[in-house]
Amino acid sequence: MKPYKPAYYRDYLSLDAILNAQSLRSAEYNNDQESAHDEMLFIITHQAYELWFKQMLTELDSILALMSQQPLPEPDVALVLHRLQRMNKIGPVMLHQVEILETMTPMDFLDFRGVLYPASGFQSVQFRLLEMKLGLQDSQRLTTHLRLDDRDNARLDAVRQQPSLFVLLEGWLERMPFLEWQHDDNGNDDGNNQPRYAFWQEYRLAVTAMFDHERQIMRETMPDERTTAQVLAQIAASEQSFSALFDETTYNSLREQGVKRLSFKATQAALFIFLYREYPLLQLPFRLLESVIALDEVFSLWRYRHAQMVLRMIGARIGTGGSSGYDYLLQGAMKYRVFADMSALSAFLIPRRSLPALPPNVSSMLGFSFEK
Ligand code: HEM
């Protein structure tokens, strides 16, 4: 066995390397040879972010490895959830750091902004890796011109070939066994292979009944015919949006148009999980879906917050990386979402009291198996 060497705080944390890693370019390039006071804050803030990105990537890599297993062992679902939750906790820390950087005024920033060209946050490879590993597609990007060097491009290319969290999650949802559960009118498993439609037919009836009820209430309560007609048209539009959920061909054409990304099968599985989340077997999958939706939000919030800071700092100027600056960042905050199809499922939920009751064999499979 290797002889034990006592650990020492400075060495263990490589503090010599980290604390000597702030080289102020303003000291080097400003004509008066004086460093800009706020450049230290600018560098340290970016470095702190990069460390948190590294921690997020560590969690995400382990999540991807766990999710790549087929079948995914149940205890590992809990582990995936736990690590996703950790990533989500890093979110508020990332948000709050913006406030510290905002103590730098636009004039303070101008003291050294000129020496930063053409570097920019565009070149944060760890941020790009996070986006790609989560599942952001190149086709979603507003620009692919990131001005990366060959080394960084090679890192991104290697990851581009690997399945993202979105892809692995979609595959896992598609494999959910309850899509194949069958039952006859008495709730007994009929044994022949007539998958999933029994449930979805019932759900469709429940949806129709819900809209009929809404129509009836509106007819009785609206003040005049014109308002009634408007409200009825809105109800008809909502009802129409449900149709893709029950018809794979319609759904797939939406997918081809780029309106939807998640597969039909995975969408149905995710919706089933949302609808019947109270069942013990569906609790973990439900919380996992909630966590990826929250993670999308973490990134959107950060993007939005970063964009506001940029507006305050440089107004409508272009970025050092050559983008339109604020406009580009704001659009990104809206557009760069990976799990948007999961959050959009809320539109297809119906009230608990209208939900079809699950047949006994299905509900016992979803419950605690040790209960009689
Ligand atoms: C004074 C503070 C900051 C300003 C004025 C600023 C400005 C910008 C601008 C204008 C862009 C668009 C690309 C370009 O044309 O350069 C950008 C992108 C970016 N910045 Fe910042 N930034 C600041 C601080 C930060 C910090 C602290 C981070 C933390 C890592 C960061 C990370 C990023 C990332 C990841 C992008 C790429 C976003 C994307 O393409 O979706 N920025 N920044």
# chains A, B, ... in the order shown; residues from 1 in each chain; ligands from 1
call {"tool": "residues_around", "arguments": {"residues": "range 210-222 of chain A", "least_positions_apart": "2", "cutoff": "12 Å", "atoms": "only C-alpha atoms", "output": "ChimeraX atom specification"}}
result
/A:203-208,224-240,242,348-356
call {"tool": "residues_around", "arguments": {"residues": "range 270-282 of chain A", "least_positions_apart": "2", "cutoff": "7 Å", "atoms": "only C-alpha atoms", "output": "PyMOL selection string"}}
result
chain A and resi 173+266-268+284-286+345+349+366-368
call {"tool": "residues_around", "arguments": {"residues": "Leu60 in chain A", "least_positions_apart": "2", "cutoff": "9 Å", "atoms": "only C-alpha atoms", "output": "count of residues only"}}
result
16
call {"tool": "closest_residue", "arguments": {"among": "A:Thr45, A:Ser263, A:Ser291, A:Ser241", "to": "ligand 1", "atoms": "only C-alpha atoms and all ligand atoms"}}
result
A:Thr45
call {"tool": "residues_around", "arguments": {"residues": "Tyr328 in chain A", "least_positions_apart": "4", "cutoff": "12 Å", "atoms": "only C-alpha atoms", "output": "list in words"}}
result
Phe122, Arg141, Leu142, Thr143, Arg303, Tyr304, His306, Ala307, Gln308, Val310, Leu311, Ala316, Arg317, Ile318, Gly319, Gly321, Gly322, Ser323, Ser324, Gly332, Ala333, Met334, Lys335 and Tyr336 of chain A
call {"tool": "write_last_selection", "arguments": {"atoms": "N, CA and C atoms", "output": "compact mmCIF listing (two decimals), in the first residue's frame"}}
result
# COMPACT_ATOMS: atom_id res chain seq x y z
N PHE A 122 -19.05 33.50 -26.02
CA PHE A 122 -19.26 32.57 -27.12
C PHE A 122 -18.29 31.39 -27.04
N ARG A 141 -29.74 26.76 -33.11
CA ARG A 141 -28.87 27.89 -32.81
C ARG A 141 -29.11 29.07 -33.73
N LEU A 142 -29.01 30.25 -33.16
CA LEU A 142 -29.16 31.47 -33.95
C LEU A 142 -27.88 31.76 -34.72
N THR A 143 -26.78 31.23 -34.22
CA THR A 143 -25.52 31.34 -34.95
C THR A 143 -24.63 30.15 -34.60
N ARG A 303 -29.84 32.94 -18.96
CA ARG A 303 -29.66 33.63 -20.25
C ARG A 303 -30.34 35.01 -20.21
N TYR A 304 -31.55 35.02 -19.66
CA TYR A 304 -32.30 36.28 -19.60
C TYR A 304 -31.57 37.29 -18.70
N HIS A 306 -28.41 37.34 -17.83
CA HIS A 306 -27.16 37.72 -18.49
C HIS A 306 -27.45 38.78 -19.55
N ALA A 307 -28.53 38.58 -20.31
CA ALA A 307 -28.88 39.54 -21.37
C ALA A 307 -29.18 40.92 -20.77
N GLN A 308 -29.92 40.93 -19.63
CA GLN A 308 -30.23 42.22 -19.01
C GLN A 308 -28.97 42.92 -18.53
N VAL A 310 -26.06 42.58 -19.83
CA VAL A 310 -25.34 43.04 -21.02
C VAL A 310 -25.95 44.36 -21.52
N LEU A 311 -27.28 44.46 -21.49
CA LEU A 311 -27.94 45.69 -21.93
C LEU A 311 -27.47 46.86 -21.08
N ALA A 316 -26.86 48.86 -26.72
CA ALA A 316 -27.16 48.14 -27.96
C ALA A 316 -25.91 47.85 -28.79
N ARG A 317 -24.74 47.96 -28.17
CA ARG A 317 -23.51 47.70 -28.94
C ARG A 317 -23.37 46.22 -29.28
N ILE A 318 -22.56 45.94 -30.30
CA ILE A 318 -22.32 44.53 -30.61
C ILE A 318 -21.36 43.94 -29.57
N GLY A 319 -21.38 42.59 -29.46
CA GLY A 319 -20.53 41.95 -28.47
C GLY A 319 -19.10 41.83 -28.95
N GLY A 321 -17.60 39.24 -29.23
CA GLY A 321 -17.55 38.04 -30.08
C GLY A 321 -18.22 38.27 -31.43
N GLY A 322 -18.80 39.49 -31.64
CA GLY A 322 -19.33 39.83 -32.95
C GLY A 322 -20.82 39.62 -33.13
N SER A 323 -21.54 39.20 -32.09
CA SER A 323 -23.00 39.06 -32.24
C SER A 323 -23.66 40.43 -32.07
N SER A 324 -25.00 40.46 -32.29
CA SER A 324 -25.69 41.74 -32.12
C SER A 324 -25.78 42.12 -30.64
N GLY A 332 -31.95 34.21 -27.69
CA GLY A 332 -31.45 32.91 -27.21
C GLY A 332 -32.21 32.46 -25.97
N ALA A 333 -32.50 33.42 -25.08
CA ALA A 333 -33.21 33.09 -23.84
C ALA A 333 -34.58 32.47 -24.15
N MET A 334 -35.18 32.92 -25.25
CA MET A 334 -36.50 32.39 -25.64
C MET A 334 -36.36 31.06 -26.38
N LYS A 335 -35.35 30.98 -27.22
CA LYS A 335 -35.29 29.90 -28.20
C LYS A 335 -34.50 28.67 -27.76
N TYR A 336 -33.47 28.89 -26.95
CA TYR A 336 -32.59 27.77 -26.61
C TYR A 336 -33.18 26.93 -25.49
call {"tool": "select_by_dssp", "arguments": {"residues": "range 112-298 of chain A", "states": "alpha helix (DSSP H)", "output": "number ranges by chain"}}
result
A: 112-113, 125-134, 150-160, 165-174, 197-221, 225-246, 248-256, 264-275, 280-298
call {"tool": "write_last_selection", "arguments": {"atoms": "C-alpha atoms", "output": "CSV table (one decimal), in the first residue's frame"}}
result
chain,number,residue,atom,x,y,z
A,112,PHE,CA,-10.6,47.4,-20.1
A,113,ARG,CA,-13.3,46.2,-22.6
A,125,VAL,CA,-16.7,25.5,-24.4
A,126,GLN,CA,-18.0,24.2,-21.1
A,127,PHE,CA,-21.2,26.1,-21.6
A,128,ARG,CA,-21.5,24.7,-25.2
A,129,LEU,CA,-20.8,21.2,-23.9
A,130,LEU,CA,-23.6,21.6,-21.3
A,131,GLU,CA,-26.0,22.8,-24.0
A,132,MET,CA,-25.1,19.9,-26.3
A,133,LYS,CA,-25.1,17.2,-23.7
A,134,LEU,CA,-28.5,18.4,-22.5
A,150,ASP,CA,-9.3,23.7,-33.4
A,151,ARG,CA,-8.9,22.2,-29.9
A,152,ASP,CA,-12.2,23.4,-28.7
A,153,ASN,CA,-13.9,22.6,-32.0
A,154,ALA,CA,-12.6,19.0,-31.6
A,155,ARG,CA,-14.1,18.7,-28.1
A,156,LEU,CA,-17.5,19.8,-29.4
A,157,ASP,CA,-17.3,17.5,-32.4
A,158,ALA,CA,-16.6,14.5,-30.2
A,159,VAL,CA,-19.7,15.2,-28.1
A,160,ARG,CA,-21.9,15.9,-31.1
A,165,LEU,CA,-29.9,13.7,-22.2
A,166,PHE,CA,-32.9,14.6,-24.4
A,167,VAL,CA,-32.3,11.5,-26.6
A,168,LEU,CA,-31.7,9.2,-23.7
A,169,LEU,CA,-34.8,10.5,-21.8
A,170,GLU,CA,-36.9,10.1,-24.9
A,171,GLY,CA,-35.7,6.5,-25.3
A,172,TRP,CA,-36.4,5.7,-21.7
A,173,LEU,CA,-39.9,7.1,-21.9
A,174,GLU,CA,-40.6,5.1,-25.1
A,197,TYR,CA,-55.2,2.5,-27.4
A,198,ALA,CA,-57.6,1.3,-24.7
A,199,PHE,CA,-56.3,3.9,-22.4
A,200,TRP,CA,-56.1,6.7,-25.0
A,201,GLN,CA,-59.6,6.0,-26.2
A,202,GLU,CA,-60.8,6.5,-22.7
A,203,TYR,CA,-58.7,9.6,-22.3
A,204,ARG,CA,-60.2,11.0,-25.5
A,205,LEU,CA,-63.7,10.5,-24.2
A,206,ALA,CA,-62.8,12.2,-20.9
A,207,VAL,CA,-61.3,15.1,-22.9
A,208,THR,CA,-64.5,15.4,-25.0
A,209,ALA,CA,-66.6,15.3,-21.9
A,210,MET,CA,-64.5,18.0,-20.3
A,211,PHE,CA,-64.9,20.3,-23.3
A,212,ASP,CA,-68.7,19.6,-23.6
A,213,HIS,CA,-69.0,20.6,-19.9
A,214,GLU,CA,-67.0,23.8,-20.5
A,215,ARG,CA,-69.2,24.6,-23.6
A,216,GLN,CA,-72.3,24.1,-21.6
A,217,ILE,CA,-71.2,26.3,-18.8
A,218,MET,CA,-70.1,29.1,-21.2
A,219,ARG,CA,-73.5,29.0,-23.0
A,220,GLU,CA,-75.3,29.4,-19.7
A,221,THR,CA,-73.0,32.1,-18.3
A,225,GLU,CA,-74.1,35.9,-28.2
A,226,ARG,CA,-71.0,37.5,-29.6
A,227,THR,CA,-68.9,36.7,-26.4
A,228,THR,CA,-70.4,33.2,-26.4
A,229,ALA,CA,-69.3,32.7,-30.0
A,230,GLN,CA,-65.8,33.9,-29.2
A,231,VAL,CA,-65.4,31.7,-26.1
A,232,LEU,CA,-66.8,28.7,-28.0
A,233,ALA,CA,-64.2,29.3,-30.8
A,234,GLN,CA,-61.4,29.3,-28.2
A,235,ILE,CA,-62.7,26.1,-26.7
A,236,ALA,CA,-62.8,24.5,-30.2
A,237,ALA,CA,-59.2,25.6,-30.8
A,238,SER,CA,-58.1,24.0,-27.5
A,239,GLU,CA,-59.9,20.8,-28.3
A,240,GLN,CA,-58.3,20.7,-31.7
A,241,SER,CA,-54.9,21.0,-30.2
A,242,PHE,CA,-55.6,17.7,-28.4
A,243,SER,CA,-56.1,15.8,-31.7
A,244,ALA,CA,-52.4,15.3,-32.4
A,245,LEU,CA,-52.2,13.5,-29.1
A,246,PHE,CA,-54.5,10.8,-30.2
A,248,GLU,CA,-49.7,9.5,-34.5
A,249,THR,CA,-49.8,10.6,-38.2
A,250,THR,CA,-51.0,14.1,-37.2
A,251,TYR,CA,-48.4,14.2,-34.4
A,252,ASN,CA,-45.6,13.1,-36.8
A,253,SER,CA,-46.4,15.8,-39.3
A,254,LEU,CA,-46.0,18.3,-36.5
A,255,ARG,CA,-42.7,16.7,-35.7
A,256,GLU,CA,-41.6,17.0,-39.4
A,264,PHE,CA,-45.2,10.4,-30.2
A,265,LYS,CA,-44.6,7.4,-27.9
A,266,ALA,CA,-42.5,9.3,-25.5
A,267,THR,CA,-45.0,12.1,-25.4
A,268,GLN,CA,-47.8,9.8,-24.5
A,269,ALA,CA,-45.7,8.1,-21.8
A,270,ALA,CA,-44.7,11.5,-20.3
A,271,LEU,CA,-48.3,12.6,-20.3
A,272,PHE,CA,-49.4,9.4,-18.6
A,273,ILE,CA,-46.8,10.0,-15.9
A,274,PHE,CA,-48.0,13.6,-15.4
A,275,LEU,CA,-51.6,12.5,-15.2
A,280,PRO,CA,-45.9,5.2,-6.4
A,281,LEU,CA,-44.4,3.7,-9.5
A,282,LEU,CA,-44.8,7.0,-11.4
A,283,GLN,CA,-43.5,9.3,-8.6
A,284,LEU,CA,-39.8,9.1,-9.5
A,285,PRO,CA,-40.4,9.4,-13.3
A,286,PHE,CA,-42.6,12.4,-12.6
A,287,ARG,CA,-40.0,14.1,-10.4
A,288,LEU,CA,-37.4,13.4,-13.0
A,289,LEU,CA,-39.5,15.1,-15.7
A,290,GLU,CA,-40.1,18.0,-13.4
A,291,SER,CA,-36.3,18.3,-12.9
A,292,VAL,CA,-35.4,18.5,-16.5
A,293,ILE,CA,-38.1,21.1,-17.0
A,294,ALA,CA,-36.6,23.0,-14.1
A,295,LEU,CA,-33.2,22.7,-15.6
A,296,ASP,CA,-34.4,24.2,-18.8
A,297,GLU,CA,-35.7,27.1,-16.7
A,298,VAL,CA,-32.4,27.5,-14.9
